[in-house]
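Q: One file: start_32.cif (mmCIF, C-alpha atoms; chains and numbers go by the auth columns).
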data_entry
#
loop_
_atom_site.group_PDB
_atom_site.id
_atom_site.type_symbol
_atom_site.label_atom_id
_atom_site.label_comp_id
_atom_site.label_asym_id
_atom_site.label_seq_id
_atom_site.Cartn_x
_atom_site.Cartn_y
_atom_site.Cartn_z
_atom_site.B_iso_or_equiv
_atom_site.auth_seq_id
_atom_site.auth_asym_id
ATOM 1 C CA MET A 1 -25.665 -31.811 -101.928 0.00 181 A
ATOM 2 C CA THR A 2 -25.565 -28.446 -103.496 0.00 182 A
ATOM 3 C CA LYS A 3 -25.766 -25.135 -101.673 0.00 183 A
ATOM 4 C CA LYS A 4 -29.228 -24.530 -103.072 0.00 184 A
ATOM 5 C CA SER A 5 -30.596 -27.792 -101.676 0.00 185 A
ATOM 6 C CA ILE A 6 -29.037 -27.034 -98.268 0.00 186 A
ATOM 7 C CA TYR A 7 -30.702 -23.605 -98.182 0.00 187 A
ATOM 8 C CA ILE A 8 -34.027 -25.107 -99.175 0.00 188 A
ATOM 9 C CA SER A 9 -33.698 -27.794 -96.492 0.00 189 A
ATOM 10 C CA ILE A 10 -32.867 -25.278 -93.762 0.00 190 A
ATOM 11 C CA THR A 11 -35.644 -22.919 -94.851 0.00 191 A
ATOM 12 C CA SER A 12 -38.212 -25.707 -94.935 0.00 192 A
ATOM 13 C CA LEU A 13 -37.052 -26.855 -91.483 0.00 193 A
ATOM 14 C CA PHE A 14 -37.594 -23.367 -90.045 0.00 194 A
ATOM 15 C CA VAL A 15 -41.007 -23.110 -91.709 0.00 195 A
ATOM 16 C CA MET A 16 -42.034 -26.476 -90.237 0.00 196 A
ATOM 17 C CA LEU A 17 -40.787 -25.437 -86.780 0.00 197 A
ATOM 18 C CA PHE A 18 -42.751 -22.182 -87.006 0.00 198 A
ATOM 19 C CA PHE A 19 -45.960 -24.013 -87.911 0.00 199 A
ATOM 20 C CA PHE A 20 -45.359 -26.561 -85.154 0.00 200 A
ATOM 21 C CA TYR A 21 -44.855 -23.753 -82.607 0.00 201 A
ATOM 22 C CA PHE A 22 -47.934 -21.924 -83.861 0.00 202 A
ATOM 23 C CA PHE A 23 -50.088 -25.076 -83.752 0.00 203 A
ATOM 24 C CA VAL A 24 -48.963 -26.173 -80.283 0.00 204 A
ATOM 25 C CA PHE A 25 -49.058 -22.838 -78.470 0.00 205 A
ATOM 26 C CA ASN A 26 -52.087 -21.330 -80.197 0.00 206 A
ATOM 27 C CA TYR A 27 -54.280 -24.412 -80.470 0.00 207 A
ATOM 28 C CA VAL A 28 -53.180 -27.415 -78.386 0.00 208 A
ATOM 29 C CA VAL A 29 -52.201 -25.656 -75.132 0.00 209 A
ATOM 30 C CA PRO A 30 -55.320 -23.436 -74.795 0.00 210 A
ATOM 31 C CA ASN A 31 -57.698 -26.264 -75.709 0.00 211 A
ATOM 32 C CA ALA A 32 -56.023 -28.642 -73.272 0.00 212 A
ATOM 33 C CA ALA A 33 -56.234 -25.936 -70.594 0.00 213 A
ATOM 34 C CA LYS A 34 -59.974 -25.486 -71.255 0.00 214 A
ATOM 35 C CA ILE A 35 -60.507 -29.207 -70.803 0.00 215 A
ATOM 36 C CA SER A 36 -58.591 -29.266 -67.522 0.00 216 A
ATOM 37 C CA ILE A 37 -60.181 -26.221 -65.820 0.00 217 A
ATOM 38 C CA PRO A 38 -60.584 -27.037 -62.100 0.00 218 A
ATOM 39 C CA TYR A 39 -63.871 -28.885 -61.616 0.00 219 A
ATOM 40 C CA GLY A 40 -65.410 -26.462 -59.112 0.00 220 A
ATOM 41 C CA TRP A 41 -64.933 -23.590 -61.544 0.00 221 A
ATOM 42 C CA ARG A 42 -67.177 -25.009 -64.240 0.00 222 A
ATOM 43 C CA ASN A 43 -70.423 -23.669 -62.695 0.00 223 A
ATOM 44 C CA ILE A 44 -69.732 -20.331 -61.054 0.00 224 A
ATOM 45 C CA PRO A 45 -72.726 -19.026 -59.032 0.00 225 A
ATOM 46 C CA MET A 46 -73.542 -15.784 -60.850 0.00 226 A
ATOM 47 C CA MET A 47 -75.842 -13.062 -59.462 0.00 227 A
ATOM 48 C CA GLN A 48 -75.249 -14.421 -55.954 0.00 228 A
ATOM 49 C CA ASP A 49 -73.935 -12.725 -52.839 0.00 229 A
ATOM 50 C CA SER A 50 -70.245 -13.095 -51.982 0.00 230 A
ATOM 51 C CA VAL A 51 -71.160 -15.367 -49.054 0.00 231 A
ATOM 52 C CA VAL A 52 -72.661 -17.905 -51.477 0.00 232 A
ATOM 53 C CA VAL A 53 -69.691 -17.576 -53.832 0.00 233 A
ATOM 54 C CA HIS A 54 -67.233 -18.147 -50.963 0.00 234 A
ATOM 55 C CA ALA A 55 -69.222 -21.156 -49.758 0.00 235 A
ATOM 56 C CA TYR A 56 -69.001 -22.655 -53.244 0.00 236 A
ATOM 57 C CA LEU A 57 -65.395 -21.746 -54.133 0.00 237 A
ATOM 58 C CA GLY A 58 -63.679 -21.561 -50.743 0.00 238 A
ATOM 59 C CA ASP A 59 -61.296 -18.932 -49.442 0.00 239 A
ATOM 60 C CA ILE A 60 -59.951 -16.328 -51.842 0.00 240 A
ATOM 61 C CA SER A 61 -56.289 -16.213 -52.839 0.00 241 A
ATOM 62 C CA LYS A 62 -56.063 -12.450 -53.117 0.00 242 A
ATOM 63 C CA GLU A 63 -58.310 -9.405 -53.265 0.00 243 A
ATOM 64 C CA GLU A 64 -57.863 -6.283 -55.341 0.00 244 A
ATOM 65 C CA LYS A 65 -57.817 -2.912 -53.668 0.00 245 A
ATOM 66 C CA ASN A 66 -60.908 -1.571 -55.459 0.00 246 A
ATOM 67 C CA ASN A 67 -63.196 -1.684 -52.399 0.00 247 A
ATOM 68 C CA GLY A 68 -63.265 -5.487 -52.471 0.00 248 A
ATOM 69 C CA LEU A 69 -65.176 -5.628 -55.756 0.00 249 A
ATOM 70 C CA THR A 70 -62.834 -8.138 -57.411 0.00 250 A
ATOM 71 C CA GLU A 71 -61.626 -11.371 -55.850 0.00 251 A
ATOM 72 C CA PHE A 72 -59.166 -13.932 -57.181 0.00 252 A
ATOM 73 C CA TRP A 73 -58.727 -17.679 -56.758 0.00 253 A
ATOM 74 C CA VAL A 74 -55.549 -19.367 -57.977 0.00 254 A
ATOM 75 C CA LYS A 75 -55.016 -23.082 -58.635 0.00 255 A
ATOM 76 C CA GLY A 76 -52.396 -25.141 -60.373 0.00 256 A
ATOM 77 C CA ILE A 77 -48.658 -25.422 -60.256 0.00 257 A
ATOM 78 C CA LYS A 78 -46.256 -22.510 -60.584 0.00 258 A
ATOM 79 C CA ASP A 79 -45.662 -22.827 -64.326 0.00 259 A
ATOM 80 C CA GLN A 80 -49.243 -23.760 -65.236 0.00 260 A
ATOM 81 C CA GLU A 81 -51.539 -21.607 -63.167 0.00 261 A
ATOM 82 C CA TYR A 82 -55.283 -21.000 -63.442 0.00 262 A
ATOM 83 C CA THR A 83 -56.691 -17.721 -62.112 0.00 263 A
ATOM 84 C CA LEU A 84 -60.399 -17.140 -61.504 0.00 264 A
ATOM 85 C CA SER A 85 -61.435 -13.539 -60.975 0.00 265 A
ATOM 86 C CA ILE A 86 -64.957 -12.601 -59.910 0.00 266 A
ATOM 87 C CA HIS A 87 -66.192 -9.023 -60.039 0.00 267 A
ATOM 88 C CA TYR A 88 -69.058 -7.858 -57.823 0.00 268 A
ATOM 89 C CA SER A 89 -71.461 -4.990 -58.495 0.00 269 A
ATOM 90 C CA GLN A 90 -70.824 -1.890 -56.444 0.00 270 A
ATOM 91 C CA THR A 91 -74.431 -1.366 -55.372 0.00 271 A
ATOM 92 C CA SER A 92 -75.785 -4.830 -54.611 0.00 272 A
ATOM 93 C CA LYS A 93 -72.537 -6.777 -53.965 0.00 273 A
ATOM 94 C CA LEU A 94 -73.673 -9.577 -56.293 0.00 274 A
ATOM 95 C CA ALA A 95 -71.277 -11.497 -58.554 0.00 275 A
ATOM 96 C CA VAL A 96 -71.838 -9.984 -61.996 0.00 276 A
ATOM 97 C CA SER A 97 -68.885 -11.241 -64.036 0.00 277 A
ATOM 98 C CA TYR A 98 -66.038 -13.704 -63.979 0.00 278 A
ATOM 99 C CA ARG A 99 -63.091 -14.765 -66.079 0.00 279 A
ATOM 100 C CA ILE A 100 -60.707 -17.701 -66.021 0.00 280 A
ATOM 101 C CA ASP A 101 -57.156 -17.104 -67.211 0.00 281 A
ATOM 102 C CA TYR A 102 -54.376 -19.613 -67.754 0.00 282 A
ATOM 103 C CA HIS A 103 -50.705 -18.721 -67.390 0.00 283 A
ATOM 104 C CA PHE A 104 -48.296 -21.083 -69.151 0.00 284 A
ATOM 105 C CA LYS A 105 -44.539 -20.890 -68.707 0.00 285 A
ATOM 106 C CA LYS A 106 -42.014 -23.417 -69.987 0.00 286 A
ATOM 107 C CA TRP A 107 -38.392 -22.786 -70.899 0.00 287 A
ATOM 108 C CA PHE A 108 -38.375 -19.597 -73.007 0.00 288 A
ATOM 109 C CA ILE A 109 -42.124 -19.540 -73.663 0.00 289 A
ATOM 110 C CA GLN A 110 -44.469 -17.584 -71.444 0.00 290 A
ATOM 111 C CA LYS A 111 -48.070 -17.010 -72.519 0.00 291 A
ATOM 112 C CA ASP A 112 -51.358 -15.982 -70.919 0.00 292 A
ATOM 113 C CA TYR A 113 -54.633 -17.348 -72.252 0.00 293 A
ATOM 114 C CA LEU A 114 -58.176 -16.193 -71.585 0.00 294 A
ATOM 115 C CA LEU A 115 -60.182 -19.416 -71.291 0.00 295 A
ATOM 116 C CA VAL A 116 -63.651 -18.307 -70.174 0.00 296 A
ATOM 117 C CA GLU A 117 -65.261 -14.925 -69.683 0.00 297 A
ATOM 118 C CA LYS A 118 -68.850 -14.221 -68.718 0.00 298 A
ATOM 119 C CA ASP A 119 -70.437 -10.869 -67.952 0.00 299 A
ATOM 120 C CA ASN A 120 -74.017 -10.447 -66.672 0.00 300 A
ATOM 121 C CA ARG A 121 -74.074 -6.679 -66.513 0.00 301 A
#
Would you mind giving the structure from this file in structure tokens?
A:
Amino acid sequence: MTKKSIYISITSLFVMLFFFYFFVFNYVVPNAAKISIPYGWRNIPMMQDSVVVHAYLGDISKEEKNNGLTEFWVKGIKDQEYTLSIHYSQTSKLAVSYRIDYHFKKWFIQKDYLLVEKDNR
């Protein structure tokens, strides 16, 4: 093998690895995460009071300090975690928007994906 063919082989290997990384972490992982969203989170009760939302989703995992207008539910394992955040209107205390995020962490790769976002304002 000549030096030129070795350089071409190594360069093509790095190009293939880059495309593989790009395909897996920008297409496969987020689409697989969308398919495996927790079942109870597929039909969020929008424009409902927080009592109805809590009856449907259960107890909250954490609450932001903005007068209780945003609540969070967390499911999944440590390295593959889904977070549902619901924002309530300040005047009527009805659920007006939600978003589902997915946090993926394996080895040296750590990415956050926005899976679903809906706003009824």
Q: So which residues touch Ser230 in chain A within 8 Å, counting only C-alpha atoms, skipping near sequence neighbours fewer than 2 positions away, as a PyMOL selection string?
A: chain A and resi 228+232-234+268+273-275
Q: Name all residues at most 12 Å from range 201-205 of chain A (count all atoms listed in the file; drop same-chain ones fewer than 5 positions away) and give them as an NGL selection string.
A: :A and (194-196 or 210-213 or 283-286 or 289-293)
Q: May I have the residues from that selection written out with C-alpha atoms, as a PDB file, in the frame of the given file?
A:
ATOM      1  CA  PHE A 194     -37.594 -23.367 -90.045  1.00  0.00           C
ATOM      2  CA  VAL A 195     -41.007 -23.110 -91.709  1.00  0.00           C
ATOM      3  CA  MET A 196     -42.034 -26.476 -90.237  1.00  0.00           C
ATOM      4  CA  PRO A 210     -55.320 -23.436 -74.795  1.00  0.00           C
ATOM      5  CA  ASN A 211     -57.698 -26.264 -75.709  1.00  0.00           C
ATOM      6  CA  ALA A 212     -56.023 -28.642 -73.272  1.00  0.00           C
ATOM      7  CA  ALA A 213     -56.234 -25.936 -70.594  1.00  0.00           C
ATOM      8  CA  HIS A 283     -50.705 -18.721 -67.390  1.00  0.00           C
ATOM      9  CA  PHE A 284     -48.296 -21.083 -69.151  1.00  0.00           C
ATOM     10  CA  LYS A 285     -44.539 -20.890 -68.707  1.00  0.00           C
ATOM     11  CA  LYS A 286     -42.014 -23.417 -69.987  1.00  0.00           C
ATOM     12  CA  ILE A 289     -42.124 -19.540 -73.663  1.00  0.00           C
ATOM     13  CA  GLN A 290     -44.469 -17.584 -71.444  1.00  0.00           C
ATOM     14  CA  LYS A 291     -48.070 -17.010 -72.519  1.00  0.00           C
ATOM     15  CA  ASP A 292     -51.358 -15.982 -70.919  1.00  0.00           C
ATOM     16  CA  TYR A 293     -54.633 -17.348 -72.252  1.00  0.00           C
TER      17      TYR A 293
END
Q: Which neighbours of Val254 in chain A fall inside 10 Å, counting all atoms listed in the file, when residues of the same chain fewer than 2 positions from it are skipped, and could you give them as a PDB file with C-alpha atoms, in the coordinates of the input?
A:
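Saved file part.pdb follows:
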ATOM      1  CA  ILE A 240     -59.951 -16.328 -51.842  1.00  0.00           C
ATOM      2  CA  SER A 241     -56.289 -16.213 -52.839  1.00  0.00           C
ATOM      3  CA  LYS A 242     -56.063 -12.450 -53.117  1.00  0.00           C
ATOM      4  CA  PHE A 252     -59.166 -13.932 -57.181  1.00  0.00           C
ATOM      5  CA  GLY A 256     -52.396 -25.141 -60.373  1.00  0.00           C
ATOM      6  CA  ILE A 257     -48.658 -25.422 -60.256  1.00  0.00           C
ATOM      7  CA  GLU A 261     -51.539 -21.607 -63.167  1.00  0.00           C
ATOM      8  CA  TYR A 262     -55.283 -21.000 -63.442  1.00  0.00           C
ATOM      9  CA  THR A 263     -56.691 -17.721 -62.112  1.00  0.00           C
ATOM     10  CA  LEU A 264     -60.399 -17.140 -61.504  1.00  0.00           C
ATOM     11  CA  SER A 265     -61.435 -13.539 -60.975  1.00  0.00           C
ATOM     12  CA  ILE A 280     -60.707 -17.701 -66.021  1.00  0.00           C
ATOM     13  CA  ASP A 281     -57.156 -17.104 -67.211  1.00  0.00           C
ATOM     14  CA  TYR A 282     -54.376 -19.613 -67.754  1.00  0.00           C
TER      15      TYR A 282
END
Q: Please expand the PyMOL selection byres ((chain A and resi 236) around 10) into the concrete residues it hits in this file, giving the result as a ChimeraX atom specification.
A: /A:220-221,223-225,230-235,237-239
Q: Would you save the residues of that selection, restricted to C-alpha atoms, as an mmCIF file, in the coordinates of the input?
A:
data_model
loop_
_atom_site.group_PDB
_atom_site.id
_atom_site.type_symbol
_atom_site.label_atom_id
_atom_site.label_comp_id
_atom_site.auth_asym_id
_atom_site.auth_seq_id
_atom_site.Cartn_x
_atom_site.Cartn_y
_atom_site.Cartn_z
ATOM 1 C CA GLY A 220 -65.410 -26.462 -59.112
ATOM 2 C CA TRP A 221 -64.933 -23.590 -61.544
ATOM 3 C CA ASN A 223 -70.423 -23.669 -62.695
ATOM 4 C CA ILE A 224 -69.732 -20.331 -61.054
ATOM 5 C CA PRO A 225 -72.726 -19.026 -59.032
ATOM 6 C CA SER A 230 -70.245 -13.095 -51.982
ATOM 7 C CA VAL A 231 -71.160 -15.367 -49.054
ATOM 8 C CA VAL A 232 -72.661 -17.905 -51.477
ATOM 9 C CA VAL A 233 -69.691 -17.576 -53.832
ATOM 10 C CA HIS A 234 -67.233 -18.147 -50.963
ATOM 11 C CA ALA A 235 -69.222 -21.156 -49.758
ATOM 12 C CA LEU A 237 -65.395 -21.746 -54.133
ATOM 13 C CA GLY A 238 -63.679 -21.561 -50.743
ATOM 14 C CA ASP A 239 -61.296 -18.932 -49.442
#
Q: Between CA of Phe288 in chain A and CA of Asp259 in chain A, what distance in Å does the model show, to one decimal?
A: 11.8 Å
Q: Find the residue from A:Met226, A:Thr191, A:Lys258, A:Trp287 that sits nearest to Arg301 in chain A; use only C-alpha atoms when measuring.
A: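 Counting only C-alpha atoms, the residue closest to Arg301 in chain A is A:Met226.
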Q: So, counting all atoms listed in the file, which residue among A:Tyr278, A:Phe199, A:Tyr187, A:Trp253 is closest to Met227 in chain A?
A: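 Of A:Tyr278, A:Phe199, A:Tyr187, A:Trp253, the one nearest Met227 in chain A is A:Tyr278, counting all atoms listed in the file.
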Q: By how many Å are CA of Thr250 in chain A and CA of Tyr219 in chain A apart?
A: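 Atom-to-atom, CA of Thr250 in chain A and CA of Tyr219 in chain A are spaced 21.2 Å apart.
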Q: Grab the CA of Leu294 in chain A to CA of Arg222 in chain A distance for me, in Å with one decimal place.
A: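 Between these atoms lies a distance of 14.6 Å.
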Q: Let me make sure I understand: among A:Met181, A:Val276, A:Leu193, A:Val208, which one has the smallest atom-to-atom distance to Lys298 in chain A if we use all atoms listed in the file?
A: A:Val276
